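Worksheet for the structure shown next.
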Amino acid sequence: MKARPAQIALQVSTPILAVLFAAQMGIGLGVGLAAGYLGRKLLAAARLDTLGLYPAVTLAMALLSFGMAQSMSGSGFLAVYLTGVAMAGARMSERVAVLRFHEGLAWIVQIVMFVVLGFFLVPRDFADVAVPGLLLACGAIFVARPAAVWLSTLFFRMSAEERWFIAWAGLRGAAPIVLILFAVEAHVQGYIALVEVVFFVVLVSALVQGMTVEWLAEKFDLVQATPPESMCELLAIAREAAVMVPIEVTPGSPRAGKRLRDLAFPPDTLCYAVVRGGKAIVPRGSTRIRAGDHLLVLAHEGAVGELERLFREDQVGRAEALP
């Protein structure tokens, strides 16, 4: 009995697809881990003058990872994801600024994706795709996502409430839009209908899941108490109440060799760091000051003048030493 052409094509294409999938995942994995490792080293060694350059470095590494993986016929999405995960664990002094930048960038990209989705919608076709779109959305919300979450978390110590919450708050929004744009780029037959179906899936997911996820978290008692102010707000409050005064201990200064507790700091001031040889030292009262040290002093605005008078000789000596 001769095999049908479709069966022959399936037999031939399945091994090829398996090899292509393994190659794409392997290249994406290797490039992502390599770029992430390089990014960690770069962030640890970088001493940039401008705060805004740190987010630029992380974004450049992510784009480099994606581009290299794609040029090698690998998975750029896997590469950029692993690069971000690897760099997120790096020690960086400007972590808050980097996180805020990427959080804002992510929201901007999501908004752009929704706008792009709107360009492909034909409102007069909604009546034809409304029922399939709603059925697909319900299948994804109530069947596909819960099944995927329960299978993927089978070997993790998680409660049933946590699994149901993860399934309910799963991927939605920009992710389906990005995936359907591949079909648009490839000009797959009937891609407009696919876009309109995805629109209903995204719409239902955003409205149903997005509006109930907070209620479900409270219902399952998965909400943790958090302070009302974010880190940036706390820093802004501290910045309004106090100022940071950098002071350099010049060679020959009478302060050199003394302990911090022996210095007559004015009230409402605190030396919270000593920078010595390019490294920050958390000071104590017994810490001795050396020539060339930089003291970072947190002071109330009214105490800045008295603090400057205390170290005036150092500042005058520094000014005289300048050409």
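We name chains A, B, ... following the order of the structure tokens; residues begin at 1 in each chain, and ligands are numbered from 1 as shown.
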
**Q.** Spatial neighbours of Ser65 of chain A, max dist 8 Å, only C-alpha atoms, sep filter under 4 positions, as a list in words
**A.**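 Contacts, with the query itself left out: Val31, Gly32, Ala35, Met61, Ala69, Gly76, Ala79, Val80 and Thr83 of chain A.
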
Writing out the chosen residues with C-alpha atoms as a compact mmCIF listing (two decimals), in the first residue's frame:
```
# COMPACT_ATOMS: atom_id res chain seq x y z
CA VAL A 31 23.57 33.34 23.01
CA GLY A 32 21.27 34.38 25.86
CA ALA A 35 25.17 37.84 26.52
CA MET A 61 22.78 44.06 25.70
CA ALA A 69 20.51 34.90 17.98
CA GLY A 76 15.89 35.67 19.60
CA ALA A 79 18.02 34.69 24.00
CA VAL A 80 16.75 38.09 25.12
CA THR A 83 19.90 37.76 28.94
```

Q | Picked from segment 179-310 of chain A by DSSP as alpha helix (DSSP H), as a ChimeraX atom specification | A | /A:179-185,191-204,210-219,231-241,304-310

Output file for the residues above (C-alpha atoms, as a compact mmCIF listing (two decimals), in the first residue's frame):
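Final file, result_30.txt:
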```txt
# COMPACT_ATOMS: atom_id res chain seq x y z
CA LEU A 179 2.78 35.95 18.06
CA ILE A 180 0.02 36.76 15.55
CA LEU A 181 2.25 39.39 13.92
CA PHE A 182 4.48 36.55 12.71
CA ALA A 183 1.55 35.29 10.67
CA VAL A 184 0.97 38.81 9.37
CA GLU A 185 4.62 39.16 8.39
CA TYR A 191 -4.28 36.34 8.53
CA ILE A 192 -6.78 39.18 8.89
CA ALA A 193 -9.33 36.75 10.33
CA LEU A 194 -6.67 35.40 12.70
CA VAL A 195 -5.88 38.92 13.88
CA GLU A 196 -9.55 39.60 14.57
CA VAL A 197 -9.88 36.34 16.53
CA VAL A 198 -6.82 37.27 18.59
CA PHE A 199 -8.44 40.65 19.23
CA PHE A 200 -11.39 38.96 20.92
CA VAL A 201 -9.06 36.69 22.92
CA VAL A 202 -7.04 39.67 24.14
CA LEU A 203 -10.16 41.71 24.85
CA VAL A 204 -11.86 38.98 26.89
CA GLY A 210 -7.59 41.74 34.44
CA MET A 211 -10.60 43.04 36.37
CA THR A 212 -10.82 40.02 38.69
CA VAL A 213 -7.18 39.13 39.39
CA GLU A 214 -6.99 41.39 42.46
CA TRP A 215 -10.25 40.01 43.84
CA LEU A 216 -9.01 36.44 43.32
CA ALA A 217 -5.72 37.17 45.09
CA GLU A 218 -7.63 38.48 48.10
CA LYS A 219 -10.01 35.51 47.95
CA MET A 231 11.27 53.22 46.81
CA CYS A 232 11.39 56.25 44.51
CA GLU A 233 8.81 58.07 46.61
CA LEU A 234 10.80 57.36 49.77
CA LEU A 235 13.95 58.66 48.12
CA ALA A 236 12.10 61.78 46.98
CA ILE A 237 10.91 62.42 50.57
CA ALA A 238 14.45 61.98 51.90
CA ARG A 239 15.79 64.28 49.19
CA GLU A 240 13.40 67.04 50.23
CA ALA A 241 14.34 66.79 53.93
CA VAL A 304 25.17 72.32 55.62
CA GLY A 305 26.83 75.65 56.42
CA GLU A 306 28.23 74.40 59.73
CA LEU A 307 29.42 71.20 58.06
CA GLU A 308 31.23 73.18 55.38
CA ARG A 309 32.88 75.33 58.05
CA LEU A 310 34.12 72.20 59.82
```

Q.
Could you check the closest approach to Gly36 of chain A for each of A:Pro176, A:Gly257, A:Gly252, A:Gly84 and tell me which residue wins, using only C-alpha atoms?
A.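 That would be A:Gly84, the residue with the smallest distance to Gly36 of chain A.
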
Q) Would you give me, as a PyMOL selection string, the residues in segment 26-272 of chain A that DSSP reads as strand (DSSP E or B)? A) chain A and resi 242-248+259+269-272

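Candidate residues A:Ala147, A:Leu59, A:Met113, A:Ala206 were compared for distance to Ile177 of chain A, and the nearest is A:Met113, using only C-alpha atoms.
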
Q: Just give me the gap between atom CA of Val143 of chain A and atom CA of Met25 of chain A in Å, one decimal is fine.
A: 26.9 Å

Q. Atom CA of Ala174 of chain A to atom CA of Phe114 of chain A: how many Å, to one decimal?
A.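 So the answer is 7.1 Å.
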
Q: Find the spatial neighbours of Val245 of chain A, counting only C-alpha atoms, within a cut-off of 8 Å - ignore same-chain residues fewer than 3 positions away - and output them as a list of chain:residue names.
A: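 Counting only C-alpha atoms, the residues come to A:Leu296, A:Val297, A:Leu298, A:Ala299, A:Val304.
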